[in-house]
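*Asks:* Structure below; questions to follow.
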Amino acid sequence: MAARKSKKKIITLESFFENILVCNDRNLRPFIETFYYEPENVTQEKLGTLFGIIEISDDSEESSYIVNYLISVIRKEYFSKPKRGAVESLEAALHKANLALSKLAEHGSLSWLGKLNAIVSVIEKNNLHLSQTGNNSALLFRNKTLTDIGEDPDEINIEPHPLKTFVDVTSGRLENDDKLILTSEVIFEIFSLEEIKKSAIRFSIEEFNQFIRTAFSNEVSKAAMLIVNLKEKEEIIEVQPTPKIGSINAFSQTAFSQTNRMPEPEATITEETQESVQKQPNGHLYIKESEVSSSIKTPDSSNVFSTFREKVSVFIPKQKNNQLDVKSEDSSGEKINLKKVATISFLFSKKAFLFIWKKLKILFIFLWKVTQIAYYKSKSTYENIRQKRNSQKELSEIREEQELKINIFKKIIPRISFLRSLLSRYTRRQKIIIIVIILIFFIIIPIFINTTWKSFRDKADIVETQPIVLEETPPPLVDDKNLIRLERMDTLIENINLNNIIKLNESFFAVSKNEIINLQNQESYQVPEDLGEVNLSIPMEDLNIILLSNNDNSKIISFSPANNKFQTNTFSLPENSSIIAGDTYLTYLYLLDQGSNQIYRYPRAEGGFGEKNNWKKDTTNIKDATEIAINENIFLINQKNILKFFRGNKIDFSFEASSTPIIPSKLWTEEDNPNLYVLDTVNSRIIKLDSEGKIINQFYHSEISQAQEFSIDEKQEKALFSTDNQIKSFSINNQ
């Protein structure tokens, strides 16, 4: 009896998040946010789930982008290096957040200082790691007891300092049926800790969530809470038992035997065929050649003789000599004459074919001589008749002409006496062979003519009915690596004068010279007249705004999709600048100036942007650069090349060679995306490159040749590009 598998139970906790966010005043929405991010791939699984609450009690415009900015910085740093542990990643993310806040303070943004309330937490496996600043609270409900596990705000950040915003990380072990509550301090204006505890005891999970949501909606104008319920999730791992090893005899026959071996089919020899099977001295069996069954075809026989054998086999007489009548039975039980089969096989072998061919040559020579004799006789007779016909036209001579025609026919046909005298020269055996050859000749020739004519007629029909197919030129990019030929293109918008297409967080916007269109709800917003026509449009995801610049780049306004409002930004450019392109990274604005061979970086400041600094530090010539894209590096299109810069200096970068050379016209990437997308309108494709420049995918469609701008959303697996008056999209899923 086989041993049963043992089952090992591993208890893990599954987290169920409930997000409660209330903000009755839309103008206050940028100042409060909840977040939770789960691992996006297998490598990030051990980092667990990152979640928390961030709130700023300052309502000034200067602080409106701080919340989203911090969440973006923390999330990016936490998941950037999956090989780190959860605690190390959380500490690194909090340190990066402190540095980001310190940079903001250096540029004069200080209105948020001392007014930031945040809790950043991580659940990995069954562990909780938490860091707190300000007055928000972290409550743990366990075994009908509610405990505040956060830090006392009176003991931390006594003197607010940007680099000391997030200080310590608290860790603990979670248990089954725990309820973790991260909440803003406004909850204590409605409930006491005792009332919250009683409600958690009295209500089910769904009822408690609804109870808090209703209370927040009715009692406060701005509040946030994250409720996390922990439940056991059993994972059963079947452990294969170690097989029992008995005593083994290394010299026995079973020591190296294979188990579960399929039985081999046994060879059986019937009594009827046993006579044809002989055993050699070495023990091997073989079958005599002369005793083959009728089902075996002779490989040397041609198709013509094979067909003829099937047709004439019914006329072969049976052997009368009982000694030669060797009989056997086939698989169906029908008796067959092995001697007769062997004779037929020989008649249609190669040796017999050569013998018959020699005799046919003799027959051909004989027939040729007879034809020559008849021809010359008929020719001389015909000349005589023609002469007489020309000289005499009387009826008697016409009758003679008819008699002469009869005589000609008689002379053409050989006389029996002549054939008899000719055959008398041969022996009796030769005569029989000649007669057999003549019979075979008159049977083979009709079959051959019929088969040849039918084959010729079939081929003629095929030629007549088959359409003429011209040789097609090979499809474009036929030899290129990882090429995906797109079959479907969706048109999103038509008949607009497009300037750019922008991805802002989870939404796409089309920008024309005088309006912005939200592609999700198709709503359009007119650009203020004092800006003029839009020249540059740049997304800043950390602040969730779109920056718009006019033709001379002397003015910048921002558009916020949160309130659908435009706002003028303080901004100044050096004289005689020639701004050709721009992009953002975090809350910095980067502008490419061809005239000064420089890249300007503008920090975010109150009411707009502060003073610029020259970001490019080396002497690389970028006066021919036309496009800029930024993640952790800055990429430029310089003529037909792509340049890569890091911390102000050019570094080595080259994209993988393609069978069809890549001619870049536009670039796209974003701050937390290591991939770079290249638009090649000359070859109607968009190329996806990894951080080292290797080709991941190439998306081809003839309509891409008309693209002017493009944007990518990897999460939704789609790409959008704009032409003069259309926006089209396609899927970048490479399944």
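Each chain in the structure tokens gets a letter, A, B, ..., in the order shown, and its residues are numbered from 1; ligands are numbered from 1 in order too.
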Skip range 689-694 of chain A itself and residues of its chain fewer than 2 positions away, then list as a PyMOL selection string all residues within 10 Å of it, counting only C-alpha atoms.
*Replies:* chain A and resi 633+642+652-658+673-678+686-687+696-698
*Asks:* Can you write just those residues out, C-alpha atoms, as a PDB file, in the first residue's frame?
*Replies:*
```pdb
ATOM      1  CA  ASN A 633      17.752  59.927 -17.042  1.00  0.00           C
ATOM      2  CA  ILE A 642      19.428  59.212 -29.092  1.00  0.00           C
ATOM      3  CA  ASP A 652      27.100  55.926 -23.160  1.00  0.00           C
ATOM      4  CA  PHE A 653      23.881  54.748 -24.746  1.00  0.00           C
ATOM      5  CA  SER A 654      23.091  53.047 -28.024  1.00  0.00           C
ATOM      6  CA  PHE A 655      19.949  51.235 -29.062  1.00  0.00           C
ATOM      7  CA  GLU A 656      20.086  47.746 -30.507  1.00  0.00           C
ATOM      8  CA  ALA A 657      20.690  47.554 -34.238  1.00  0.00           C
ATOM      9  CA  SER A 658      17.595  46.704 -36.259  1.00  0.00           C
ATOM     10  CA  ASN A 673       9.243  53.650 -16.085  1.00  0.00           C
ATOM     11  CA  PRO A 674      12.622  52.163 -17.105  1.00  0.00           C
ATOM     12  CA  ASN A 675      11.497  51.574 -20.707  1.00  0.00           C
ATOM     13  CA  LEU A 676      11.883  54.044 -23.555  1.00  0.00           C
ATOM     14  CA  TYR A 677       9.447  54.233 -26.487  1.00  0.00           C
ATOM     15  CA  VAL A 678      10.621  55.576 -29.846  1.00  0.00           C
ATOM     16  CA  ILE A 686       6.807  52.424 -32.411  1.00  0.00           C
ATOM     17  CA  ILE A 687       9.776  50.659 -30.792  1.00  0.00           C
ATOM     18  CA  ILE A 696      11.583  44.518 -26.542  1.00  0.00           C
ATOM     19  CA  ASN A 697       8.839  45.017 -29.142  1.00  0.00           C
ATOM     20  CA  GLN A 698       8.193  46.807 -32.415  1.00  0.00           C
TER      21      GLN A 698
END
```
*Asks:* Please report as a Markdown table every residue of range 61-103 of chain A lying within 10 Å of range 31-54 of chain A, along with the nearest atom pair and their distance in Å (one decimal), using only C-alpha atoms.
*Replies:*
```
| residue | atom | partner | partner_atom | distance |
| --- | --- | --- | --- | --- |
| A:Glu61 | CA | A:Phe31 | CA | 9.7 |
| A:Ser63 | CA | A:Phe31 | CA | 7.4 |
| A:Ser64 | CA | A:Phe31 | CA | 5.8 |
| A:Tyr65 | CA | A:Phe31 | CA | 7.7 |
| A:Ile66 | CA | A:Phe31 | CA | 7.8 |
| A:Val67 | CA | A:Phe31 | CA | 6.2 |
| A:Asn68 | CA | A:Glu33 | CA | 7.8 |
| A:Leu70 | CA | A:Ile54 | CA | 8.4 |
| A:Ile71 | CA | A:Phe35 | CA | 7.8 |
| A:Ile74 | CA | A:Leu50 | CA | 9.2 |
| A:Arg75 | CA | A:Leu50 | CA | 7.6 |
| A:Tyr78 | CA | A:Leu50 | CA | 8.2 |
| A:Phe79 | CA | A:Gln44 | CA | 6.8 |
| A:Ser80 | CA | A:Gln44 | CA | 9.0 |
| A:Lys81 | CA | A:Gln44 | CA | 8.4 |
| A:Pro82 | CA | A:Gln44 | CA | 5.2 |
| A:Lys83 | CA | A:Thr43 | CA | 7.9 |
| A:Arg84 | CA | A:Leu47 | CA | 8.2 |
| A:Gly85 | CA | A:Leu47 | CA | 6.6 |
| A:Ala86 | CA | A:Leu47 | CA | 4.9 |
| A:Val87 | CA | A:Leu47 | CA | 8.7 |
| A:Glu88 | CA | A:Leu47 | CA | 9.9 |
| A:Ser89 | CA | A:Leu47 | CA | 7.9 |
| A:Leu90 | CA | A:Leu50 | CA | 8.8 |
```
*Asks:* Could those residues be written to a file, using N, CA and C atoms, as an mmCIF file, in the first residue's frame?
*Replies:*
```cif
data_model
loop_
_atom_site.group_PDB
_atom_site.id
_atom_site.type_symbol
_atom_site.label_atom_id
_atom_site.label_comp_id
_atom_site.auth_asym_id
_atom_site.auth_seq_id
_atom_site.Cartn_x
_atom_site.Cartn_y
_atom_site.Cartn_z
ATOM 1 N N GLU A 61 -2.273 77.451 -1.735
ATOM 2 C CA GLU A 61 -1.963 76.823 -3.020
ATOM 3 C C GLU A 61 -0.565 76.220 -3.028
ATOM 4 N N SER A 63 0.806 74.472 -0.878
ATOM 5 C CA SER A 63 0.805 73.125 -0.309
ATOM 6 C C SER A 63 -0.094 72.157 -1.063
ATOM 7 N N SER A 64 -0.699 72.589 -2.164
ATOM 8 C CA SER A 64 -1.704 71.765 -2.841
ATOM 9 C C SER A 64 -1.111 70.543 -3.529
ATOM 10 N N TYR A 65 0.174 70.569 -3.836
ATOM 11 C CA TYR A 65 0.776 69.440 -4.545
ATOM 12 C C TYR A 65 1.624 68.553 -3.630
ATOM 13 N N ILE A 66 1.758 68.903 -2.361
ATOM 14 C CA ILE A 66 2.656 68.172 -1.462
ATOM 15 C C ILE A 66 2.191 66.725 -1.268
ATOM 16 N N VAL A 67 0.882 66.524 -1.090
ATOM 17 C CA VAL A 67 0.367 65.183 -0.783
ATOM 18 C C VAL A 67 0.689 64.208 -1.910
ATOM 19 N N ASN A 68 0.292 64.545 -3.133
ATOM 20 C CA ASN A 68 0.553 63.645 -4.267
ATOM 21 C C ASN A 68 2.049 63.487 -4.519
ATOM 22 N N LEU A 70 4.486 63.525 -2.236
ATOM 23 C CA LEU A 70 5.049 62.587 -1.260
ATOM 24 C C LEU A 70 4.667 61.141 -1.581
ATOM 25 N N ILE A 71 3.417 60.910 -1.933
ATOM 26 C CA ILE A 71 2.979 59.546 -2.259
ATOM 27 C C ILE A 71 3.781 58.991 -3.431
ATOM 28 N N ILE A 74 7.435 58.184 -2.218
ATOM 29 C CA ILE A 74 7.487 57.016 -1.322
ATOM 30 C C ILE A 74 7.241 55.727 -2.096
ATOM 31 N N ARG A 75 6.238 55.720 -2.939
ATOM 32 C CA ARG A 75 5.920 54.511 -3.704
ATOM 33 C C ARG A 75 7.073 54.121 -4.629
ATOM 34 N N TYR A 78 10.081 52.771 -2.577
ATOM 35 C CA TYR A 78 9.809 51.532 -1.840
ATOM 36 C C TYR A 78 9.902 50.313 -2.753
ATOM 37 N N PHE A 79 9.351 50.393 -3.945
ATOM 38 C CA PHE A 79 9.334 49.239 -4.846
ATOM 39 C C PHE A 79 10.491 49.244 -5.835
ATOM 40 N N SER A 80 11.429 50.182 -5.701
ATOM 41 C CA SER A 80 12.492 50.300 -6.703
ATOM 42 C C SER A 80 13.504 49.164 -6.635
ATOM 43 N N LYS A 81 13.755 48.618 -5.444
ATOM 44 C CA LYS A 81 14.762 47.561 -5.296
ATOM 45 C C LYS A 81 14.151 46.387 -4.538
ATOM 46 N N PRO A 82 13.551 45.444 -5.257
ATOM 47 C CA PRO A 82 12.849 44.330 -4.598
ATOM 48 C C PRO A 82 13.759 43.418 -3.783
ATOM 49 N N LYS A 83 15.063 43.449 -4.026
ATOM 50 C CA LYS A 83 15.968 42.577 -3.275
ATOM 51 C C LYS A 83 16.122 43.024 -1.824
ATOM 52 N N ARG A 84 15.796 44.273 -1.522
ATOM 53 C CA ARG A 84 15.840 44.732 -0.141
ATOM 54 C C ARG A 84 14.680 44.144 0.640
ATOM 55 N N GLY A 85 14.820 44.099 1.955
ATOM 56 C CA GLY A 85 13.721 43.677 2.797
ATOM 57 C C GLY A 85 12.683 44.768 2.935
ATOM 58 N N ALA A 86 11.547 44.430 3.536
ATOM 59 C CA ALA A 86 10.460 45.396 3.670
ATOM 60 C C ALA A 86 10.865 46.567 4.569
ATOM 61 N N VAL A 87 11.541 46.276 5.694
ATOM 62 C CA VAL A 87 11.932 47.351 6.616
ATOM 63 C C VAL A 87 12.944 48.272 5.954
ATOM 64 N N GLU A 88 13.944 47.688 5.283
ATOM 65 C CA GLU A 88 14.954 48.509 4.622
ATOM 66 C C GLU A 88 14.332 49.366 3.519
ATOM 67 N N SER A 89 13.384 48.777 2.769
ATOM 68 C CA SER A 89 12.734 49.541 1.705
ATOM 69 C C SER A 89 11.885 50.667 2.275
ATOM 70 N N LEU A 90 11.199 50.413 3.387
ATOM 71 C CA LEU A 90 10.384 51.464 3.999
ATOM 72 C C LEU A 90 11.262 52.584 4.530
#
```
*Asks:* In Å, with one decimal, what is the gap from CA of Glu185 in chain A to CA of Ala562 in chain A?
*Replies:* 24.9 Å
*Asks:* So which bits of range 517-588 of chain A end up strand (DSSP E) when you DSSP the backbone, as a ChimeraX atom specification?
*Replies:* /A:517-518,523-526,536-540,545-549,556-560,565-569,579-585,588
*Asks:* Show me, as a PDB file with C-alpha atoms, in the first residue's frame, the residues that have an atom within 10 Å of Leu636 in chain A when counting only C-alpha atoms, minus same-chain residues fewer than 5 positions from it.
*Replies:*
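Saved the output as around-v2.pdb:
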```
ATOM      1  CA  ALA A 581      10.878  70.878 -26.166  1.00  0.00           C
ATOM      2  CA  LEU A 592      15.566  72.227 -23.984  1.00  0.00           C
ATOM      3  CA  ILE A 622      22.722  69.509 -28.406  1.00  0.00           C
ATOM      4  CA  ASP A 624      20.396  69.910 -33.187  1.00  0.00           C
ATOM      5  CA  ALA A 625      18.317  68.175 -30.484  1.00  0.00           C
ATOM      6  CA  THR A 626      14.572  68.209 -31.129  1.00  0.00           C
ATOM      7  CA  GLU A 627      12.957  66.020 -28.455  1.00  0.00           C
ATOM      8  CA  ILE A 628      13.304  65.344 -24.717  1.00  0.00           C
ATOM      9  CA  ALA A 629      11.971  62.569 -22.450  1.00  0.00           C
ATOM     10  CA  ILE A 630      12.782  61.994 -18.776  1.00  0.00           C
ATOM     11  CA  ASN A 641      20.724  59.435 -32.663  1.00  0.00           C
ATOM     12  CA  ILE A 642      19.428  59.212 -29.092  1.00  0.00           C
ATOM     13  CA  LEU A 643      21.578  60.821 -26.396  1.00  0.00           C
ATOM     14  CA  LYS A 644      21.373  59.844 -22.725  1.00  0.00           C
ATOM     15  CA  PHE A 645      22.274  62.154 -19.820  1.00  0.00           C
ATOM     16  CA  LYS A 666       9.605  61.328 -30.929  1.00  0.00           C
ATOM     17  CA  LEU A 667      10.365  59.798 -27.505  1.00  0.00           C
TER      18      LEU A 667
END
```
*Asks:* Hey, what's within 12 Å of Asp542 in chain A if we count only C-alpha atoms and toss same-chain stuff fewer than 3 positions away? As a ChimeraX atom specification, please?
*Replies:* /A:30,64-76,504-505,539,545-546,560,584-589,604,670-672
*Asks:* Atoms to include: C-alpha atoms. Write the selected residues as a PDB file, in the first residue's frame.
*Replies:*
```pdb
ATOM      1  CA  PRO A  30      -5.643  68.012  -3.024  1.00  0.00           C
ATOM      2  CA  SER A  64      -1.704  71.765  -2.841  1.00  0.00           C
ATOM      3  CA  TYR A  65       0.776  69.440  -4.545  1.00  0.00           C
ATOM      4  CA  ILE A  66       2.656  68.172  -1.462  1.00  0.00           C
ATOM      5  CA  VAL A  67       0.367  65.183  -0.783  1.00  0.00           C
ATOM      6  CA  ASN A  68       0.553  63.645  -4.267  1.00  0.00           C
ATOM      7  CA  TYR A  69       4.236  64.500  -4.456  1.00  0.00           C
ATOM      8  CA  LEU A  70       5.049  62.587  -1.260  1.00  0.00           C
ATOM      9  CA  ILE A  71       2.979  59.546  -2.259  1.00  0.00           C
ATOM     10  CA  SER A  72       4.762  59.382  -5.616  1.00  0.00           C
ATOM     11  CA  VAL A  73       8.235  59.619  -4.022  1.00  0.00           C
ATOM     12  CA  ILE A  74       7.487  57.016  -1.322  1.00  0.00           C
ATOM     13  CA  ARG A  75       5.920  54.511  -3.704  1.00  0.00           C
ATOM     14  CA  LYS A  76       8.673  54.800  -6.280  1.00  0.00           C
ATOM     15  CA  LEU A 504      -1.614  62.439 -16.932  1.00  0.00           C
ATOM     16  CA  ASN A 505      -1.687  59.723 -14.264  1.00  0.00           C
ATOM     17  CA  PRO A 539       2.262  66.933 -17.975  1.00  0.00           C
ATOM     18  CA  ILE A 545      -1.497  69.386 -13.731  1.00  0.00           C
ATOM     19  CA  ILE A 546      -0.790  70.166 -17.391  1.00  0.00           C
ATOM     20  CA  SER A 560      -5.814  71.106 -13.143  1.00  0.00           C
ATOM     21  CA  THR A 584       8.959  67.278 -16.102  1.00  0.00           C
ATOM     22  CA  TYR A 585      10.419  65.069 -13.389  1.00  0.00           C
ATOM     23  CA  LEU A 586       8.793  65.109  -9.950  1.00  0.00           C
ATOM     24  CA  THR A 587       8.031  68.831  -9.484  1.00  0.00           C
ATOM     25  CA  TYR A 588      10.855  70.117 -11.711  1.00  0.00           C
ATOM     26  CA  LEU A 589      10.366  71.559 -15.182  1.00  0.00           C
ATOM     27  CA  ARG A 604       8.457  74.460  -8.270  1.00  0.00           C
ATOM     28  CA  GLU A 670       7.900  58.624 -17.466  1.00  0.00           C
ATOM     29  CA  GLU A 671       9.595  58.985 -14.123  1.00  0.00           C
ATOM     30  CA  ASP A 672       8.919  55.485 -12.764  1.00  0.00           C
TER      31      ASP A 672
END
```
*Asks:* Excluding Asp168 in chain A and any residue of its chain fewer than 2 positions from it, enumerate the residues within 7 Å of it, using only C-alpha atoms, and give them as a list in words.
*Replies:* Ser131, Phe166 and Thr170 of chain A
*Asks:* Could you give me, as a PyMOL selection string, the residues within 10 Å of range 106-109 of chain A, counting only C-alpha atoms and dropping anything in the same chain fewer than 6 positions from it?
*Replies:* chain A and resi 62-63+66+100+162+603-606+609-611
*Asks:* Mind pulling up the distance from CA of Asn725 in chain A to CA of Ile580 in chain A?
*Replies:*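 The value is 22.3 Å.
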*Asks:* In Å, with one decimal, what is the gap from CA of Ser659 in chain A to CA of Leu679 in chain A?
*Replies:*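 For CA of Ser659 in chain A relative to CA of Leu679 in chain A, the distance reads 16.4 Å.
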*Asks:* Could you list, as a ChimeraX atom specification, every residue within 8 Å of Leu573 in chain A, counting only C-alpha atoms and ignoring same-chain residues fewer than 2 positions away?
*Replies:* /A:553-554,571,575,577
